[in-house]
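The structure appears below as structure tokens.
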Amino acid sequence: MRYLVISNNMHIGDNLTDEELFVLLSQHGKHRAFRLLYLRYWDKLLALAYKKLQDKEEAEEVVQEVFTNLWRRRKSTKLKNTFNTYISASVKYEIFACFAKRNKKNQLSDHIQKIGSAVNSVEQWIDYKDVLSTIQHTVSNLPEKCKLVFQLSREEGYTQQEIAQELKISTKTVENHMTKALRAIRISLHLLILLCLI
């Protein structure tokens with residue numbers, strides 16, 4: 001990649017590559033570079049999101065969130081591959097999160113049956129709504145990748161192998177994320193029991 005020296009008055013041309021524009025965005029905070037990336041990718045990403053979500057408003061919100069995060073994290077984000085790979089993966093993660101939000105209320109009751117004896121003990125002491133609220137709060141505070149793995153497993157019904165393929169991680173990593181998520185939920189529920197017994 002050639003080194004670009006851009007002054008405040010110099011025009012940033014349309015002929016620059018995505019990666020060169022990203023350098024201008026991340027290292028120099030150039031609004032023009034951000035706008036060009038936005039224009040290049042908005043329609044493509046919107047079509048991708050709409051294909052998965054089948055809801056124009058949700059699709060627009062997903063893509064807008066991706067670009068908002070791109071600007072917000074411009075100084076800390078590092079490209080490991082191409083910008084296209086990065087931005088496409090970002091949209092995919094937002095789509096997963098959107099599906100999770102859709103299904104969360106309907107699927108939380110299923111979580112209680114699947115996370116083990118800890119939940120059964122809790123239901124003897126506390127209100128069902130408190131259990132649901134505790135699980136929801138705990139899941140929302142998990143690390144992003146761990147939360148996605150848990151939601152894909154429990155809310156989308158994905159197998160560990162399917163999750164590994166979708167997120168491009170090993171099945172062992174998927175298993176580790178699930179173990180971490182379930183442990184966090186059990187700890188939260190045990191704390192809830194203790195609070196109710198005090």
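Identifiers in this document derive from the order of the structure tokens: chains are assigned A, B, ..., residues are numbered from 1 separately in each chain, and ligands are numbered from 1 in order of occurrence.
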
Residue neighbourhood range 81-91 of chain A, 10 Å, only C-alpha atoms, exclusion window fewer than 2 positions, as a ChimeraX atom specification
/A:17-22,37,41,44-46,48-49,59,62-67,69-70,77-79,93-97,167

I need the residues from that last selection saved to file as a PDB file, in the first residue's frame (with N, CA and C atoms), if you can.
ATOM      1  N   THR A  17      -8.251   2.661  -2.744  1.00  0.00           N
ATOM      2  CA  THR A  17      -8.775   1.364  -2.331  1.00  0.00           C
ATOM      3  C   THR A  17      -9.483   1.497  -0.980  1.00  0.00           C
ATOM      4  N   ASP A  18     -10.266   0.480  -0.649  1.00  0.00           N
ATOM      5  CA  ASP A  18     -10.944   0.464   0.648  1.00  0.00           C
ATOM      6  C   ASP A  18      -9.932   0.555   1.780  1.00  0.00           C
ATOM      7  N   GLU A  19      -8.844  -0.175   1.632  1.00  0.00           N
ATOM      8  CA  GLU A  19      -7.835  -0.211   2.693  1.00  0.00           C
ATOM      9  C   GLU A  19      -7.146   1.142   2.860  1.00  0.00           C
ATOM     10  N   GLU A  20      -6.913   1.842   1.762  1.00  0.00           N
ATOM     11  CA  GLU A  20      -6.311   3.174   1.836  1.00  0.00           C
ATOM     12  C   GLU A  20      -7.275   4.162   2.483  1.00  0.00           C
ATOM     13  N   LEU A  21      -8.533   4.042   2.143  1.00  0.00           N
ATOM     14  CA  LEU A  21      -9.532   4.899   2.787  1.00  0.00           C
ATOM     15  C   LEU A  21      -9.612   4.606   4.280  1.00  0.00           C
ATOM     16  N   PHE A  22      -9.492   3.328   4.643  1.00  0.00           N
ATOM     17  CA  PHE A  22      -9.548   2.972   6.055  1.00  0.00           C
ATOM     18  C   PHE A  22      -8.369   3.566   6.822  1.00  0.00           C
ATOM     19  N   LEU A  37     -16.456   5.154   2.032  1.00  0.00           N
ATOM     20  CA  LEU A  37     -16.682   3.768   2.443  1.00  0.00           C
ATOM     21  C   LEU A  37     -18.172   3.508   2.671  1.00  0.00           C
ATOM     22  N   TYR A  41     -20.412   0.781   0.434  1.00  0.00           N
ATOM     23  CA  TYR A  41     -20.875  -0.448   1.055  1.00  0.00           C
ATOM     24  C   TYR A  41     -22.325  -0.429   1.546  1.00  0.00           C
ATOM     25  N   LYS A  44     -24.811  -2.658  -0.583  1.00  0.00           N
ATOM     26  CA  LYS A  44     -24.408  -4.062  -0.512  1.00  0.00           C
ATOM     27  C   LYS A  44     -24.735  -4.671   0.851  1.00  0.00           C
ATOM     28  N   LEU A  45     -24.406  -3.952   1.921  1.00  0.00           N
ATOM     29  CA  LEU A  45     -24.648  -4.451   3.272  1.00  0.00           C
ATOM     30  C   LEU A  45     -26.139  -4.474   3.600  1.00  0.00           C
ATOM     31  N   LEU A  46     -26.864  -3.485   3.094  1.00  0.00           N
ATOM     32  CA  LEU A  46     -28.308  -3.444   3.324  1.00  0.00           C
ATOM     33  C   LEU A  46     -28.977  -4.645   2.661  1.00  0.00           C
ATOM     34  N   LEU A  48     -27.598  -7.525   2.059  1.00  0.00           N
ATOM     35  CA  LEU A  48     -27.222  -8.701   2.841  1.00  0.00           C
ATOM     36  C   LEU A  48     -28.078  -8.816   4.100  1.00  0.00           C
ATOM     37  N   ALA A  49     -28.234  -7.700   4.808  1.00  0.00           N
ATOM     38  CA  ALA A  49     -29.019  -7.712   6.045  1.00  0.00           C
ATOM     39  C   ALA A  49     -30.485  -8.008   5.761  1.00  0.00           C
ATOM     40  N   ALA A  59     -33.079  -4.149   8.910  1.00  0.00           N
ATOM     41  CA  ALA A  59     -31.872  -4.215   8.086  1.00  0.00           C
ATOM     42  C   ALA A  59     -31.150  -2.877   8.086  1.00  0.00           C
ATOM     43  N   VAL A  62     -29.415  -2.342  11.386  1.00  0.00           N
ATOM     44  CA  VAL A  62     -28.210  -3.161  11.482  1.00  0.00           C
ATOM     45  C   VAL A  62     -27.042  -2.488  10.770  1.00  0.00           C
ATOM     46  N   VAL A  63     -27.258  -2.053   9.531  1.00  0.00           N
ATOM     47  CA  VAL A  63     -26.179  -1.442   8.752  1.00  0.00           C
ATOM     48  C   VAL A  63     -25.760  -0.102   9.369  1.00  0.00           C
ATOM     49  N   GLN A  64     -26.731   0.650   9.854  1.00  0.00           N
ATOM     50  CA  GLN A  64     -26.404   1.925  10.490  1.00  0.00           C
ATOM     51  C   GLN A  64     -25.558   1.712  11.737  1.00  0.00           C
ATOM     52  N   GLU A  65     -25.883   0.665  12.493  1.00  0.00           N
ATOM     53  CA  GLU A  65     -25.112   0.351  13.695  1.00  0.00           C
ATOM     54  C   GLU A  65     -23.682  -0.035  13.337  1.00  0.00           C
ATOM     55  N   VAL A  66     -23.523  -0.771  12.253  1.00  0.00           N
ATOM     56  CA  VAL A  66     -22.187  -1.167  11.805  1.00  0.00           C
ATOM     57  C   VAL A  66     -21.344   0.058  11.469  1.00  0.00           C
ATOM     58  N   PHE A  67     -21.921   1.007  10.725  1.00  0.00           N
ATOM     59  CA  PHE A  67     -21.160   2.201  10.353  1.00  0.00           C
ATOM     60  C   PHE A  67     -20.933   3.125  11.547  1.00  0.00           C
ATOM     61  N   ASN A  69     -20.469   2.077  14.608  1.00  0.00           N
ATOM     62  CA  ASN A  69     -19.357   1.444  15.325  1.00  0.00           C
ATOM     63  C   ASN A  69     -18.035   1.635  14.596  1.00  0.00           C
ATOM     64  N   LEU A  70     -18.089   1.624  13.267  1.00  0.00           N
ATOM     65  CA  LEU A  70     -16.874   1.851  12.478  1.00  0.00           C
ATOM     66  C   LEU A  70     -16.284   3.217  12.799  1.00  0.00           C
ATOM     67  N   THR A  77      -9.560   0.090  15.767  1.00  0.00           N
ATOM     68  CA  THR A  77      -9.766  -1.067  14.893  1.00  0.00           C
ATOM     69  C   THR A  77      -8.568  -1.306  13.992  1.00  0.00           C
ATOM     70  N   LYS A  78      -8.137  -2.557  13.900  1.00  0.00           N
ATOM     71  CA  LYS A  78      -7.039  -2.951  13.030  1.00  0.00           C
ATOM     72  C   LYS A  78      -7.562  -3.996  12.039  1.00  0.00           C
ATOM     73  N   LEU A  79      -7.257  -3.802  10.782  1.00  0.00           N
ATOM     74  CA  LEU A  79      -7.677  -4.765   9.760  1.00  0.00           C
ATOM     75  C   LEU A  79      -6.708  -5.941   9.716  1.00  0.00           C
ATOM     76  N   TYR A  93     -22.390 -10.265  12.481  1.00  0.00           N
ATOM     77  CA  TYR A  93     -22.533 -10.273  13.937  1.00  0.00           C
ATOM     78  C   TYR A  93     -23.764  -9.478  14.379  1.00  0.00           C
ATOM     79  N   GLU A  94     -24.007  -8.345  13.730  1.00  0.00           N
ATOM     80  CA  GLU A  94     -25.181  -7.541  14.075  1.00  0.00           C
ATOM     81  C   GLU A  94     -26.474  -8.280  13.717  1.00  0.00           C
ATOM     82  N   ILE A  95     -26.449  -9.025  12.624  1.00  0.00           N
ATOM     83  CA  ILE A  95     -27.625  -9.810  12.239  1.00  0.00           C
ATOM     84  C   ILE A  95     -27.891 -10.893  13.283  1.00  0.00           C
ATOM     85  N   PHE A  96     -26.832 -11.568  13.728  1.00  0.00           N
ATOM     86  CA  PHE A  96     -26.984 -12.565  14.783  1.00  0.00           C
ATOM     87  C   PHE A  96     -27.610 -11.937  16.027  1.00  0.00           C
ATOM     88  N   ALA A  97     -27.101 -10.773  16.391  1.00  0.00           N
ATOM     89  CA  ALA A  97     -27.611 -10.084  17.574  1.00  0.00           C
ATOM     90  C   ALA A  97     -29.075  -9.710  17.389  1.00  0.00           C
ATOM     91  N   LEU A 167     -19.082 -18.673  12.741  1.00  0.00           N
ATOM     92  CA  LEU A 167     -18.198 -17.674  13.348  1.00  0.00           C
ATOM     93  C   LEU A 167     -16.724 -17.898  13.018  1.00  0.00           C
TER      94      LEU A 167
END

Step one, run DSSP on the backbone; step two, keep only residues of range 17-81 of chain A assigned to alpha helix (DSSP H); then write them as a PyMOL selection string.
chain A and resi 18-28+31-53+56-72

Since we have the selection now, will you write its residues out, keeping C-alpha atoms, as a short mmCIF file (atom, residue, chain, number, x, y, z; two decimals), in the first residue's frame?
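Output below, filename selection23.cif:
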data_model
loop_
_atom_site.label_atom_id
_atom_site.label_comp_id
_atom_site.auth_asym_id
_atom_site.auth_seq_id
_atom_site.Cartn_x
_atom_site.Cartn_y
_atom_site.Cartn_z
CA ASP A 18 -10.94 0.46 0.65
CA GLU A 19 -7.83 -0.21 2.69
CA GLU A 20 -6.31 3.17 1.84
CA LEU A 21 -9.53 4.90 2.79
CA PHE A 22 -9.55 2.97 6.05
CA VAL A 23 -6.03 4.21 6.82
CA LEU A 24 -7.21 7.79 6.25
CA LEU A 25 -10.18 7.14 8.49
CA SER A 26 -8.38 5.37 11.31
CA GLN A 27 -5.14 7.39 11.38
CA HIS A 28 -6.38 10.80 10.31
CA HIS A 31 -14.83 12.31 7.20
CA ARG A 32 -14.47 12.13 3.43
CA ALA A 33 -12.87 8.68 3.67
CA PHE A 34 -15.68 7.51 5.94
CA ARG A 35 -18.29 8.87 3.53
CA LEU A 36 -16.74 7.07 0.56
CA LEU A 37 -16.68 3.77 2.44
CA TYR A 38 -20.27 4.39 3.51
CA LEU A 39 -21.37 5.01 -0.09
CA ARG A 40 -19.44 2.02 -1.42
CA TYR A 41 -20.87 -0.45 1.05
CA TRP A 42 -24.30 0.79 2.20
CA ASP A 43 -26.38 -0.82 -0.55
CA LYS A 44 -24.41 -4.06 -0.51
CA LEU A 45 -24.65 -4.45 3.27
CA LEU A 46 -28.31 -3.44 3.32
CA ALA A 47 -29.10 -6.13 0.74
CA LEU A 48 -27.22 -8.70 2.84
CA ALA A 49 -29.02 -7.71 6.04
CA TYR A 50 -32.43 -7.63 4.37
CA LYS A 51 -31.90 -11.07 2.82
CA LYS A 52 -31.36 -12.52 6.29
CA LEU A 53 -33.84 -10.45 8.30
CA LYS A 56 -36.25 -3.34 5.82
CA GLU A 57 -36.31 -1.27 9.02
CA GLU A 58 -34.30 -3.84 10.98
CA ALA A 59 -31.87 -4.21 8.09
CA GLU A 60 -31.30 -0.46 7.96
CA GLU A 61 -30.76 -0.35 11.73
CA VAL A 62 -28.21 -3.16 11.48
CA VAL A 63 -26.18 -1.44 8.75
CA GLN A 64 -26.40 1.93 10.49
CA GLU A 65 -25.11 0.35 13.69
CA VAL A 66 -22.19 -1.17 11.81
CA PHE A 67 -21.16 2.20 10.35
CA THR A 68 -21.70 3.95 13.68
CA ASN A 69 -19.36 1.44 15.32
CA LEU A 70 -16.87 1.85 12.48
CA TRP A 71 -16.63 5.58 13.15
CA ARG A 72 -16.68 5.20 16.92
#
